[in-house]
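Structure file query-v3.txt (compact mmCIF, C-alpha atoms) is printed below.
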# COMPACT_ATOMS: atom_id res chain seq x y z
CA MET Z 124 8.21 -1.75 -131.85
CA GLY Z 125 6.89 -2.88 -135.21
CA ARG Z 126 4.84 -1.13 -137.85
CA CYS Z 127 1.18 -1.80 -138.48
CA ILE Z 128 0.15 -1.51 -142.13
CA THR Z 129 -3.44 -1.84 -143.33
CA VAL Z 130 -4.20 -2.87 -146.90
CA THR Z 131 -7.54 -1.50 -148.07
CA SER Z 132 -9.36 -0.40 -151.22
CA GLY Z 133 -13.02 0.46 -150.81
CA LYS Z 134 -14.07 -1.66 -153.74
CA GLY Z 135 -14.05 -5.43 -153.45
CA GLY Z 136 -12.15 -7.74 -155.76
CA VAL Z 137 -9.26 -5.42 -156.60
CA GLY Z 138 -6.66 -7.59 -154.88
CA LYS Z 139 -6.45 -6.65 -151.19
CA THR Z 140 -6.09 -10.22 -149.97
CA THR Z 141 -3.59 -11.12 -152.69
CA THR Z 142 -1.63 -7.98 -151.89
CA THR Z 143 -1.64 -8.68 -148.15
CA ALA Z 144 -0.51 -12.29 -148.65
CA ASN Z 145 2.24 -11.34 -151.07
CA LEU Z 146 3.53 -8.35 -149.13
CA GLY Z 147 3.55 -10.42 -145.94
CA MET Z 148 5.47 -13.16 -147.70
CA ALA Z 149 7.86 -10.72 -149.37
CA LEU Z 150 8.58 -8.96 -146.06
CA ALA Z 151 9.15 -12.32 -144.36
CA MET Z 152 11.55 -13.28 -147.17
CA THR Z 153 13.74 -10.33 -146.19
CA GLY Z 154 14.01 -11.81 -142.71
CA LYS Z 155 11.52 -9.55 -140.94
CA SER Z 156 9.01 -11.07 -138.54
CA VAL Z 157 5.52 -10.54 -139.90
CA CYS Z 158 2.02 -11.11 -138.55
CA LEU Z 159 -0.90 -10.98 -140.95
CA ILE Z 160 -4.42 -10.33 -139.66
CA ASP Z 161 -7.46 -11.16 -141.74
CA ALA Z 162 -9.90 -8.45 -140.66
CA ASP Z 163 -12.59 -9.53 -143.12
CA ILE Z 164 -14.73 -11.15 -140.45
CA GLY Z 165 -17.39 -13.44 -141.90
CA LEU Z 166 -15.55 -13.75 -145.24
CA ARG Z 167 -12.33 -15.50 -144.30
CA ASN Z 168 -9.94 -15.69 -147.25
CA LEU Z 169 -6.35 -14.84 -146.42
CA ASP Z 170 -5.83 -18.36 -144.98
CA ILE Z 171 -6.72 -20.12 -148.23
CA VAL Z 172 -4.57 -17.81 -150.37
CA LEU Z 173 -1.64 -18.64 -148.09
CA GLY Z 174 -2.45 -22.36 -148.08
CA LEU Z 175 -3.08 -22.39 -144.31
CA GLU Z 176 -6.80 -23.18 -144.31
CA ASN Z 177 -6.37 -26.58 -142.67
CA ARG Z 178 -4.47 -25.32 -139.67
CA ILE Z 179 -7.01 -22.96 -138.14
CA VAL Z 180 -7.97 -23.56 -134.51
CA TYR Z 181 -8.64 -20.07 -133.17
CA ASP Z 182 -9.45 -16.84 -134.97
CA VAL Z 183 -9.21 -13.09 -134.42
CA VAL Z 184 -12.54 -12.93 -132.56
CA ASP Z 185 -11.37 -15.69 -130.19
CA VAL Z 186 -8.27 -13.62 -129.44
CA ILE Z 187 -10.24 -10.45 -128.87
CA GLU Z 188 -12.87 -12.14 -126.70
CA GLY Z 189 -10.15 -13.81 -124.66
CA ASN Z 190 -11.09 -17.40 -125.62
CA CYS Z 191 -7.41 -18.02 -126.31
CA ARG Z 192 -4.06 -16.36 -125.95
CA VAL Z 193 -2.65 -14.43 -128.92
CA LYS Z 194 0.10 -17.04 -129.41
CA GLN Z 195 -2.45 -19.86 -129.69
CA ALA Z 196 -4.20 -18.18 -132.60
CA LEU Z 197 -1.04 -17.53 -134.60
CA ILE Z 198 -0.64 -19.91 -137.55
CA ARG Z 199 2.89 -20.26 -138.82
CA ASP Z 200 3.52 -20.21 -142.57
CA LYS Z 201 4.85 -23.37 -144.24
CA HIS Z 202 7.68 -21.61 -146.04
CA TYR Z 203 8.80 -18.92 -143.64
CA GLN Z 204 8.66 -19.48 -139.89
CA ASN Z 205 8.84 -15.73 -139.33
CA LEU Z 206 5.45 -15.26 -141.08
CA SER Z 207 2.28 -15.83 -139.04
CA LEU Z 208 -1.44 -15.41 -139.66
CA ILE Z 209 -4.36 -14.63 -137.40
CA PRO Z 210 -7.37 -15.74 -139.46
CA ALA Z 211 -10.76 -14.06 -139.57
CA ALA Z 212 -13.75 -15.60 -137.85
CA GLN Z 213 -16.05 -17.21 -140.37
CA THR Z 214 -19.23 -17.56 -138.34
CA ARG Z 215 -19.36 -14.10 -136.78
CA ASP Z 216 -20.07 -10.69 -138.23
CA LYS Z 217 -18.15 -7.43 -138.29
CA ASP Z 218 -19.81 -6.07 -135.16
CA ALA Z 219 -18.12 -8.80 -133.07
CA VAL Z 220 -15.06 -6.53 -132.90
CA THR Z 221 -14.72 -2.83 -132.04
CA PRO Z 222 -12.04 -0.46 -133.40
CA GLU Z 223 -10.64 -0.08 -129.85
CA GLN Z 224 -10.20 -3.84 -129.50
CA MET Z 225 -8.44 -4.04 -132.87
CA ALA Z 226 -6.14 -1.15 -131.99
CA ASP Z 227 -5.33 -2.91 -128.74
CA LEU Z 228 -4.49 -6.19 -130.50
CA CYS Z 229 -2.25 -4.40 -133.01
CA GLN Z 230 -0.44 -2.65 -130.21
CA LYS Z 231 0.26 -6.01 -128.53
CA LEU Z 232 1.42 -7.65 -131.78
CA LYS Z 233 3.74 -4.76 -132.64
CA LYS Z 234 5.81 -5.67 -129.59
CA ASP Z 235 6.56 -9.13 -131.01
CA PHE Z 236 6.62 -8.50 -134.78
CA ASP Z 237 8.47 -6.14 -137.11
CA PHE Z 238 5.35 -5.85 -139.27
CA VAL Z 239 1.66 -6.34 -138.63
CA VAL Z 240 -0.19 -6.34 -141.97
CA ILE Z 241 -3.99 -6.15 -141.89
CA ASP Z 242 -6.22 -7.29 -144.73
CA SER Z 243 -9.21 -4.94 -144.68
CA PRO Z 244 -12.68 -5.92 -145.86
CA ALA Z 245 -14.23 -4.03 -148.77
CA GLY Z 246 -16.54 -1.16 -147.93
CA ILE Z 247 -16.36 1.89 -145.69
CA GLU Z 248 -18.28 0.66 -142.66
CA GLN Z 249 -17.44 -1.00 -139.37
CA GLY Z 250 -15.12 -3.62 -140.90
CA PHE Z 251 -13.03 -0.92 -142.56
CA ARG Z 252 -12.96 1.17 -139.39
CA ASN Z 253 -11.77 -1.89 -137.43
CA ALA Z 254 -9.07 -2.56 -140.01
CA ILE Z 255 -7.55 0.93 -139.85
CA ALA Z 256 -7.99 1.42 -136.08
CA GLY Z 257 -4.53 0.11 -135.24
CA ALA Z 258 -2.77 1.18 -138.42
CA ASP Z 259 0.36 3.33 -138.50
CA GLU Z 260 0.14 3.54 -142.28
CA VAL Z 261 -2.31 2.52 -144.98
CA LEU Z 262 -1.83 1.09 -148.45
CA VAL Z 263 -4.68 1.65 -150.88
CA VAL Z 264 -5.02 -0.94 -153.64
CA THR Z 265 -6.77 0.01 -156.86
CA THR Z 266 -7.01 -1.24 -160.41
CA PRO Z 267 -7.07 1.17 -163.39
CA GLU Z 268 -10.88 1.01 -163.64
CA VAL Z 269 -13.35 3.81 -163.00
CA SER Z 270 -15.20 2.06 -160.17
CA ALA Z 271 -12.05 1.04 -158.31
CA VAL Z 272 -10.45 4.49 -158.67
CA ARG Z 273 -13.58 6.27 -157.48
CA ASP Z 274 -13.76 4.06 -154.39
CA ALA Z 275 -10.03 4.50 -153.78
CA ASP Z 276 -10.56 8.27 -153.80
CA ARG Z 277 -13.28 7.91 -151.18
CA ILE Z 278 -11.11 5.65 -149.01
CA ILE Z 279 -8.16 8.08 -149.21
CA GLY Z 280 -10.40 10.83 -147.84
CA LEU Z 281 -11.61 8.58 -145.02
CA VAL Z 282 -8.07 7.53 -144.09
CA GLU Z 283 -6.93 11.14 -143.95
CA SER Z 284 -9.91 12.14 -141.83
CA ASN Z 285 -8.87 9.44 -139.33
CA GLU Z 286 -5.69 11.37 -138.56
CA LEU Z 287 -3.52 8.85 -140.34
CA PRO Z 288 -0.71 9.91 -142.70
CA PRO Z 289 -1.68 10.09 -146.39
CA PRO Z 290 -1.99 6.51 -147.65
CA ARG Z 291 0.23 5.16 -150.40
CA LEU Z 292 -1.08 3.61 -153.58
CA ILE Z 293 -0.61 0.18 -155.13
CA LEU Z 294 -1.81 0.06 -158.72
CA ASN Z 295 -2.86 -3.52 -159.29
CA ARG Z 296 -3.62 -5.48 -162.45
CA LEU Z 297 -2.19 -2.98 -164.89
CA ASN Z 298 -2.45 -4.45 -168.38
CA PRO Z 299 0.36 -2.85 -170.43
CA ALA Z 300 -1.07 -3.97 -173.78
CA LEU Z 301 -4.43 -2.35 -173.01
CA VAL Z 302 -2.69 0.82 -171.84
CA GLN Z 303 -0.70 0.93 -175.04
CA ARG Z 304 -3.90 0.73 -177.09
CA GLY Z 305 -5.44 3.56 -175.09
CA GLU Z 306 -8.08 1.25 -173.64
CA MET Z 307 -6.89 1.38 -170.04
CA MET Z 308 -5.97 4.37 -167.89
CA THR Z 309 -2.23 4.85 -167.55
CA THR Z 310 -0.33 4.93 -164.30
CA GLU Z 311 -0.07 8.72 -164.71
CA ASP Z 312 -3.83 9.03 -165.21
CA VAL Z 313 -4.52 7.23 -161.93
CA GLN Z 314 -1.83 9.20 -160.12
CA ASP Z 315 -3.25 12.46 -161.47
CA ILE Z 316 -6.67 11.60 -160.15
CA LEU Z 317 -5.73 10.19 -156.74
CA ALA Z 318 -2.73 12.45 -156.03
CA ILE Z 319 -1.04 10.18 -153.48
CA ASP Z 320 2.39 8.54 -153.57
CA LEU Z 321 2.64 5.39 -155.64
CA VAL Z 322 4.46 2.57 -153.87
CA GLY Z 323 4.15 -0.05 -156.58
CA ILE Z 324 2.63 -1.21 -159.86
CA VAL Z 325 1.59 -4.84 -160.14
CA PRO Z 326 1.02 -6.04 -163.71
CA GLU Z 327 -1.92 -8.26 -164.56
CA ASP Z 328 -0.47 -11.74 -164.33
CA SER Z 329 -1.98 -15.21 -164.62
CA THR Z 330 0.58 -16.53 -162.14
CA ILE Z 331 -1.46 -14.82 -159.40
CA VAL Z 332 -4.41 -17.17 -160.03
CA MET Z 333 -2.09 -20.17 -160.27
CA ALA Z 334 -0.37 -19.15 -157.06
CA SER Z 335 -3.60 -18.84 -155.09
CA ASN Z 336 -4.80 -22.16 -156.56
CA ARG Z 337 -1.75 -23.75 -154.96
CA GLY Z 338 -1.86 -21.67 -151.79
CA GLU Z 339 1.65 -20.38 -152.40
CA PRO Z 340 1.82 -16.61 -152.95
CA ALA Z 341 3.45 -15.44 -156.19
CA ALA Z 342 6.08 -13.54 -154.20
CA LEU Z 343 7.74 -16.95 -153.67
CA SER Z 344 8.13 -17.44 -157.42
CA THR Z 345 11.24 -16.21 -159.16
CA THR Z 346 9.51 -16.16 -162.56
CA SER Z 347 6.26 -14.34 -161.68
CA LYS Z 348 6.22 -10.68 -162.77
CA ALA Z 349 3.58 -9.85 -160.18
CA GLY Z 350 5.61 -11.66 -157.53
CA LYS Z 351 8.63 -9.53 -158.41
CA ALA Z 352 6.48 -6.39 -158.17
CA TYR Z 353 5.37 -7.40 -154.67
CA ARG Z 354 8.93 -8.10 -153.54
CA GLU Z 355 9.90 -4.65 -154.77
CA ILE Z 356 7.02 -3.04 -152.86
CA ALA Z 357 8.24 -4.81 -149.72
CA GLN Z 358 11.71 -3.36 -150.30
CA ARG Z 359 10.22 0.13 -150.67
CA LEU Z 360 8.30 -0.35 -147.42
CA LEU Z 361 11.65 -1.10 -145.81
CA GLY Z 362 12.93 2.23 -147.09
CA GLU Z 363 15.06 0.92 -149.93
CA GLU Z 364 15.27 2.92 -153.15
CA VAL Z 365 13.87 0.67 -155.85
CA PRO Z 366 13.09 2.45 -159.13
CA LEU Z 367 9.44 2.27 -160.16
CA ILE Z 368 9.31 0.99 -163.70
CA ILE Z 369 6.02 1.14 -165.56
CA PRO Z 370 5.40 -2.25 -167.16
CA VAL Z 371 5.36 -2.25 -170.98
CA ALA Z 372 3.68 -4.68 -173.31
CA ASN Z 373 5.71 -7.53 -174.65
CA GLU Z 374 4.51 -7.55 -178.19
CA GLY Z 375 5.71 -9.09 -181.40
CA LEU Z 376 6.63 -7.14 -184.50
CA PHE Z 377 3.25 -7.64 -186.15
CA SER Z 378 1.16 -6.26 -183.29
CA ARG Z 379 3.58 -3.35 -182.89
CA MET Z 380 3.08 -2.48 -186.54
CA LEU Z 381 -0.67 -2.83 -186.19
CA ASN Z 382 -0.59 -0.55 -183.14
CA ALA Z 383 1.33 2.07 -185.03
CA ILE Z 384 -1.37 2.49 -187.65
CA ARG Z 385 -4.35 1.90 -185.37
CA PRO Z 386 -6.52 5.00 -184.86
CA ARG Z 387 -5.56 6.67 -181.65
CA GLN Z 388 -6.53 9.98 -180.11
CA ARG Z 389 -3.78 12.47 -179.55
CA VAL Z 390 -3.10 13.13 -175.91
CA ALA Z 391 -4.83 16.34 -174.86
CA SER Z 392 -2.34 18.94 -173.76
CA MET C 1484 3.14 7.68 -188.12
CA ASN C 1485 1.51 10.60 -186.36
CA PHE C 1486 0.09 11.62 -189.70
CA PHE C 1487 -1.77 8.30 -189.99
CA ARG C 1488 -2.88 8.42 -186.40
CA ASN C 1489 -4.33 11.88 -186.85
CA LEU C 1490 -5.93 10.84 -190.09
CA PHE C 1491 -7.83 8.03 -188.40
CA ALA C 1492 -8.40 9.66 -185.02
CA LYS C 1493 -12.12 9.97 -184.45
CA GLU C 1494 -13.15 9.45 -180.88
CA PRO C 1495 -11.28 9.75 -177.61
CA SER C 1496 -9.94 6.42 -176.40
CA SER C 1497 -11.82 4.62 -173.65
CA ALA C 1498 -8.94 5.40 -171.28
CA GLN C 1499 -9.34 9.14 -171.90
CA LEU C 1500 -13.08 8.86 -171.43
CA ALA C 1501 -12.51 7.01 -168.16
CA LYS C 1502 -10.24 9.75 -166.86
CA GLN C 1503 -12.57 12.57 -167.92
CA ARG C 1504 -15.62 10.89 -166.42
CA LEU C 1505 -13.80 10.22 -163.19
CA GLN C 1506 -12.65 13.81 -162.93
CA VAL C 1507 -16.20 15.06 -163.27
CA VAL C 1508 -17.75 12.58 -160.86
CA LEU C 1509 -15.05 13.09 -158.23
CA VAL C 1510 -15.75 16.82 -158.16
CA GLN C 1511 -19.33 15.99 -157.31
CA ASP C 1512 -18.21 13.41 -154.72
CA HIS C 1513 -15.79 15.84 -153.05
CA LEU C 1514 -18.23 18.70 -152.84
CA SER C 1515 -21.15 16.41 -151.99
CA MET C 1516 -22.81 18.18 -154.88
CA ALA C 1517 -26.14 17.18 -156.35
CA PRO C 1518 -25.87 16.51 -160.10
CA GLY C 1519 -27.80 19.67 -161.11
CA THR C 1520 -25.84 22.05 -158.89
CA MET C 1521 -23.24 23.01 -161.47
CA GLU C 1522 -25.96 23.94 -163.97
CA ALA C 1523 -27.69 26.06 -161.34
CA ILE C 1524 -24.44 27.86 -160.46
CA LYS C 1525 -23.82 28.48 -164.14
CA ALA C 1526 -27.25 29.98 -164.72
CA GLU C 1527 -27.03 32.19 -161.64
CA ILE C 1528 -23.54 33.48 -162.46
CA ALA C 1529 -24.72 34.25 -165.99
CA ALA C 1530 -27.72 36.11 -164.58
CA VAL C 1531 -25.59 38.24 -162.23
CA ILE C 1532 -22.95 39.13 -164.83
CA SER C 1533 -25.51 39.89 -167.51
CA ARG C 1534 -26.95 42.66 -165.31
CA HIS C 1535 -23.68 44.54 -165.83
CA LEU C 1536 -22.18 43.20 -169.04
CA ASP C 1537 -23.45 41.96 -172.36
CA ILE C 1538 -22.48 38.30 -172.24
CA ASP C 1539 -23.32 35.21 -174.23
CA PRO C 1540 -25.29 33.07 -171.75
CA GLU C 1541 -24.97 30.02 -174.02
CA GLY C 1542 -21.19 30.18 -173.90
CA VAL C 1543 -20.80 30.26 -170.11
CA GLU C 1544 -18.72 27.39 -168.79
CA VAL C 1545 -18.25 26.62 -165.10
CA ALA C 1546 -16.09 23.87 -163.69
CA VAL C 1547 -14.20 22.96 -160.56
CA GLU C 1548 -10.53 22.47 -161.31
CA ARG C 1549 -7.65 21.22 -159.27
CA ARG C 1550 -4.93 23.82 -158.68
CA GLY C 1551 -2.14 22.37 -156.62
CA HIS C 1552 -3.81 21.25 -153.44
CA ASN C 1553 -6.93 23.35 -153.83
CA ASP C 1554 -10.06 22.93 -155.83
CA GLU C 1555 -11.10 26.12 -157.61
CA LEU C 1556 -14.30 27.11 -159.26
CA VAL C 1557 -13.36 28.39 -162.70
CA ALA C 1558 -15.79 30.21 -164.95
CA ASN C 1559 -15.38 31.09 -168.59
CA ILE C 1560 -17.80 33.81 -169.64
CA PRO C 1561 -17.67 35.06 -173.22
CA VAL C 1562 -18.37 38.83 -173.39
CA ARG C 1563 -20.11 40.25 -176.43
CA ARG C 1564 -18.39 43.10 -178.22
CA HIS C 1565 -20.43 46.20 -178.92
CA SER C 1566 -20.80 45.10 -182.51
CA GLY C 1567 -22.85 42.25 -181.13
CA ARG C 1568 -20.50 39.53 -182.31
CA VAL C 1569 -19.31 36.97 -179.82
CA ARG C 1570 -15.55 37.02 -179.73
CA GLU C 1571 -14.33 33.45 -179.95
CA GLY C 1572 -11.59 32.43 -177.60
CA ALA C 1573 -11.59 35.56 -175.46
CA ALA C 1574 -12.90 34.65 -172.09
CA ALA C 1575 -13.53 36.90 -169.13
CA PRO C 1576 -12.02 35.38 -166.02
CA VAL C 1577 -13.96 35.65 -162.80
CA GLY C 1578 -11.96 36.05 -159.62
CA ARG C 1579 -8.74 34.79 -161.17
CA PRO C 1580 -5.81 36.58 -162.79
CA GLN C 1581 -5.83 36.66 -166.58
CA ALA C 1582 -2.42 35.05 -166.90
CA ALA C 1583 -3.51 31.74 -165.46
CA GLN C 1584 -6.69 31.59 -167.48
CA PRO C 1585 -6.63 29.06 -170.29
CA VAL C 1586 -7.74 30.70 -173.49
CA GLY C 1587 -10.82 29.26 -175.09
CA ARG C 1588 -12.84 26.48 -173.57
CA PRO C 1589 -12.04 25.34 -170.06
CA ARG C 1590 -10.35 22.03 -169.64
CA PRO C 1591 -12.45 19.28 -168.13
CA SER C 1592 -12.61 19.86 -164.43
CA LEU C 1593 -9.87 18.32 -162.37
CA ALA C 1594 -10.62 18.10 -158.73
CA THR C 1595 -8.79 15.68 -156.58
CA GLY C 1596 -7.30 17.99 -154.00
CA ARG C 1597 -7.86 17.64 -150.33
CA SER C 1598 -11.26 19.18 -150.30
CA ALA C 1599 -13.46 19.19 -147.27
CA GLY C 1600 -15.96 16.86 -148.90
CA ARG C 1601 -13.51 14.04 -149.17
CA ARG C 1602 -12.64 14.27 -145.51
CA ARG C 1603 -16.11 13.37 -144.43
CA VAL C 1604 -16.62 10.15 -142.61

Could you render the structure from this file as structure tokens?
Amino acid sequence: MGRCITVTSGKGGVGKTTTTANLGMALAMTGKSVCLIDADIGLRNLDIVLGLENRIVYDVVDVIEGNCRVKQALIRDKHYQNLSLIPAAQTRDKDAVTPEQMADLCQKLKKDFDFVVIDSPAGIEQGFRNAIAGADEVLVVTTPEVSAVRDADRIIGLVESNELPPPRLILNRLNPALVQRGEMMTTEDVQDILAIDLVGIVPEDSTIVMASNRGEPAALSTTSKAGKAYREIAQRLLGEEVPLIIPVANEGLFSRMLNAIRPRQRVAS
Amino acid sequence: MNFFRNLFAKEPSSAQLAKQRLQVVLVQDHLSMAPGTMEAIKAEIAAVISRHLDIDPEGVEVAVERRGHNDELVANIPVRRHSGRVREGAAAPVGRPQAAQPVGRPRPSLATGRSAGRRRV
């Protein structure tokens, strides 16, 4: 029996789809069988990030309504045969699916896959409830920005009230240079506020945009820092002990000197 | 280098502001509290205490702070000495042991525990 993991965030645009695609890929790279579900019905996206947009025949609503068998809707990844996607419906809305139906589908998929990873839509309504209905565990993605952290806090409360274990946190798009200048909240700041376990820190990285342009998740790249961070998160999900290292800015001598004399507030004790 | 930093330090960094603002707004989110509630609580506490003690109503500070897994309402109420002077830094704790009370002004409220408000669907 596999594990069903939902990736959610509350706020839109913090990297849920990127995270789902990369974690799915990274888990598949370890040899596990993985099924990704795009639960963002009406705003299909996971397919294009994975480069599978031209292969869609059936979608998750077709599966749930019985228009096709589960196997017919599964799209196999180009790189790893053990990675599959069930895309979201593009022409339907979130009410086309109920939480019970989603839970049922997850239950079925868990028999055939080691991991079922669900990409949740933004928000806290029906789409979110569908996305967590079948989840065994939840990963909350946030960026170190006030709006994203506030929404993450709300989502954490909702997950816990749904009798799920406390979610784990992925801190996305951390910009070490900004943190160093005191212009971005630190990893500790975000952890202090949200008070849940941190499962990974993904640095801000232009290779993420390049990777989704190509439809090949950064986890496949050996040179992408973000890709490495995602592979490490996958290892942690598998129970391996991988030390969490907070990314630091790669700065030249001149900017280091400038930083040293730049006005900066002492840290309040 | 610390000397230079302190010399130039004027305002809190935007990261510190972000954290402080979040801590305040999350207290309100967790308790489903209307924005004016804390001021009302403050005024009413001051009114009750001042019936029994000579306090400085201007100096009353009330905040919800995170203590382990609980959120606690913490009040700092400066008591006037008989001479009439307000004693700086000596705060009268309400409902909490003296030892745990930070001296002086309360820290900005920290409330991210598992409060009932956050559990709401």

Inset, instruction - Between CA of Gly323 in chain Z and CA of Ala254 in chain Z, measure the distance and give it in Å to one decimal. - result: 21.3 Å

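Put simply, CA of Val365 in chain Z is 21.3 Å away from CA of Pro340 in chain Z.
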
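Between chain C and the candidates Z:Met225, Z:Leu159, Z:Leu317, Z:Leu150, the tightest atom-to-atom separation, counting all atoms listed in the file, involves Z:Leu317.
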
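When all atoms listed in the file are used to measure the gap to chain Z, the shortest distance among C:Glu1541, C:Glu1527, C:Glu1548, C:Glu1555 belongs to C:Glu1548.
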
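Using all atoms listed in the file, the nearest neighbour of chain C within the list Z:Pro370, Z:Gly338, Z:Pro267, Z:Pro288 is Z:Pro267.
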
Which chain Z residues have any atom within 12 Å of an atom of chain C, and for each, what is the nearest pair of atoms with distance in Å to one decimal, counting all atoms listed in the file, rows sorted by chain and number, as JSON lines?
{"residue": "Z:Ile247", "atom": "CA", "partner": "C:Val1604", "partner_atom": "CA", "distance": 8.8}
{"residue": "Z:Glu248", "atom": "CA", "partner": "C:Val1604", "partner_atom": "CA", "distance": 9.6}
{"residue": "Z:Gln249", "atom": "CA", "partner": "C:Val1604", "partner_atom": "CA", "distance": 11.6}
{"residue": "Z:Phe251", "atom": "CA", "partner": "C:Val1604", "partner_atom": "CA", "distance": 11.6}
{"residue": "Z:Arg252", "atom": "CA", "partner": "C:Val1604", "partner_atom": "CA", "distance": 10.2}
{"residue": "Z:Pro267", "atom": "CA", "partner": "C:Ala1498", "partner_atom": "CA", "distance": 9.1}
{"residue": "Z:Glu268", "atom": "CA", "partner": "C:Ala1501", "partner_atom": "CA", "distance": 7.7}
{"residue": "Z:Val269", "atom": "CA", "partner": "C:Ala1501", "partner_atom": "CA", "distance": 6.1}
{"residue": "Z:Ser270", "atom": "CA", "partner": "C:Leu1505", "partner_atom": "CA", "distance": 8.8}
{"residue": "Z:Ala271", "atom": "CA", "partner": "C:Leu1505", "partner_atom": "CA", "distance": 10.5}
{"residue": "Z:Val272", "atom": "CA", "partner": "C:Leu1505", "partner_atom": "CA", "distance": 8.0}
{"residue": "Z:Arg273", "atom": "CA", "partner": "C:Leu1505", "partner_atom": "CA", "distance": 6.9}
{"residue": "Z:Asp274", "atom": "CA", "partner": "C:Leu1509", "partner_atom": "CA", "distance": 9.9}
{"residue": "Z:Ala275", "atom": "CA", "partner": "C:Leu1509", "partner_atom": "CA", "distance": 10.9}
{"residue": "Z:Asp276", "atom": "CA", "partner": "C:Leu1509", "partner_atom": "CA", "distance": 7.9}
{"residue": "Z:Arg277", "atom": "CA", "partner": "C:Arg1601", "partner_atom": "CA", "distance": 6.5}
{"residue": "Z:Ile278", "atom": "CA", "partner": "C:Arg1601", "partner_atom": "CA", "distance": 8.7}
{"residue": "Z:Ile279", "atom": "CA", "partner": "C:Arg1601", "partner_atom": "CA", "distance": 8.0}
{"residue": "Z:Gly280", "atom": "CA", "partner": "C:Arg1601", "partner_atom": "CA", "distance": 4.7}
{"residue": "Z:Leu281", "atom": "CA", "partner": "C:Val1604", "partner_atom": "CA", "distance": 5.8}
{"residue": "Z:Val282", "atom": "CA", "partner": "C:Arg1602", "partner_atom": "CA", "distance": 8.3}
{"residue": "Z:Glu283", "atom": "CA", "partner": "C:Arg1602", "partner_atom": "CA", "distance": 6.7}
{"residue": "Z:Ser284", "atom": "CA", "partner": "C:Arg1602", "partner_atom": "CA", "distance": 5.1}
{"residue": "Z:Asn285", "atom": "CA", "partner": "C:Val1604", "partner_atom": "CA", "distance": 8.4}
{"residue": "Z:Glu286", "atom": "CA", "partner": "C:Arg1602", "partner_atom": "CA", "distance": 10.2}
{"residue": "Z:Leu287", "atom": "CA", "partner": "C:Arg1602", "partner_atom": "CA", "distance": 11.8}
{"residue": "Z:Pro289", "atom": "CA", "partner": "C:Arg1597", "partner_atom": "CA", "distance": 10.5}
{"residue": "Z:Leu301", "atom": "CA", "partner": "C:Ala1498", "partner_atom": "CA", "distance": 9.1}
{"residue": "Z:Val302", "atom": "CA", "partner": "C:Ala1498", "partner_atom": "CA", "distance": 7.8}
{"residue": "Z:Gln303", "atom": "CA", "partner": "C:Ala1498", "partner_atom": "CA", "distance": 10.1}
{"residue": "Z:Arg304", "atom": "CA", "partner": "C:Ser1496", "partner_atom": "CA", "distance": 8.3}
{"residue": "Z:Gly305", "atom": "CA", "partner": "C:Ser1496", "partner_atom": "CA", "distance": 5.5}
{"residue": "Z:Glu306", "atom": "CA", "partner": "C:Ala1498", "partner_atom": "CA", "distance": 4.9}
{"residue": "Z:Met307", "atom": "CA", "partner": "C:Ala1498", "partner_atom": "CA", "distance": 4.7}
{"residue": "Z:Met308", "atom": "CA", "partner": "C:Ala1498", "partner_atom": "CA", "distance": 4.6}
{"residue": "Z:Thr309", "atom": "CA", "partner": "C:Ala1498", "partner_atom": "CA", "distance": 7.7}
{"residue": "Z:Thr310", "atom": "CA", "partner": "C:Ala1498", "partner_atom": "CA", "distance": 11.1}
{"residue": "Z:Glu311", "atom": "CA", "partner": "C:Lys1502", "partner_atom": "CA", "distance": 10.4}
{"residue": "Z:Asp312", "atom": "CA", "partner": "C:Lys1502", "partner_atom": "CA", "distance": 6.7}
{"residue": "Z:Val313", "atom": "CA", "partner": "C:Lys1502", "partner_atom": "CA", "distance": 8.0}
{"residue": "Z:Gln314", "atom": "CA", "partner": "C:Thr1595", "partner_atom": "CA", "distance": 10.1}
{"residue": "Z:Asp315", "atom": "CA", "partner": "C:Thr1595", "partner_atom": "CA", "distance": 8.1}
{"residue": "Z:Ile316", "atom": "CA", "partner": "C:Thr1595", "partner_atom": "CA", "distance": 5.8}
{"residue": "Z:Leu317", "atom": "CA", "partner": "C:Thr1595", "partner_atom": "CA", "distance": 6.3}
{"residue": "Z:Ala318", "atom": "CA", "partner": "C:Thr1595", "partner_atom": "CA", "distance": 6.9}
{"residue": "Z:Ile319", "atom": "CA", "partner": "C:Thr1595", "partner_atom": "CA", "distance": 10.0}
{"residue": "Z:Met380", "atom": "CA", "partner": "C:Met1484", "partner_atom": "CA", "distance": 10.3}
{"residue": "Z:Leu381", "atom": "CA", "partner": "C:Met1484", "partner_atom": "CA", "distance": 11.3}
{"residue": "Z:Asn382", "atom": "CA", "partner": "C:Arg1488", "partner_atom": "CA", "distance": 9.8}
{"residue": "Z:Ala383", "atom": "CA", "partner": "C:Met1484", "partner_atom": "CA", "distance": 6.7}
{"residue": "Z:Ile384", "atom": "CA", "partner": "C:Arg1488", "partner_atom": "CA", "distance": 6.2}
{"residue": "Z:Arg385", "atom": "CA", "partner": "C:Arg1488", "partner_atom": "CA", "distance": 6.8}
{"residue": "Z:Pro386", "atom": "CA", "partner": "C:Phe1491", "partner_atom": "CA", "distance": 4.8}
{"residue": "Z:Arg387", "atom": "CA", "partner": "C:Ala1492", "partner_atom": "CA", "distance": 5.3}
{"residue": "Z:Gln388", "atom": "CA", "partner": "C:Ala1492", "partner_atom": "CA", "distance": 5.3}
{"residue": "Z:Arg389", "atom": "CA", "partner": "C:Asn1489", "partner_atom": "CA", "distance": 7.3}
{"residue": "Z:Val390", "atom": "CA", "partner": "C:Gln1499", "partner_atom": "CA", "distance": 8.4}
{"residue": "Z:Ala391", "atom": "CA", "partner": "C:Gln1499", "partner_atom": "CA", "distance": 9.0}
{"residue": "Z:Ser392", "atom": "CA", "partner": "C:Arg1590", "partner_atom": "CA", "distance": 9.5}
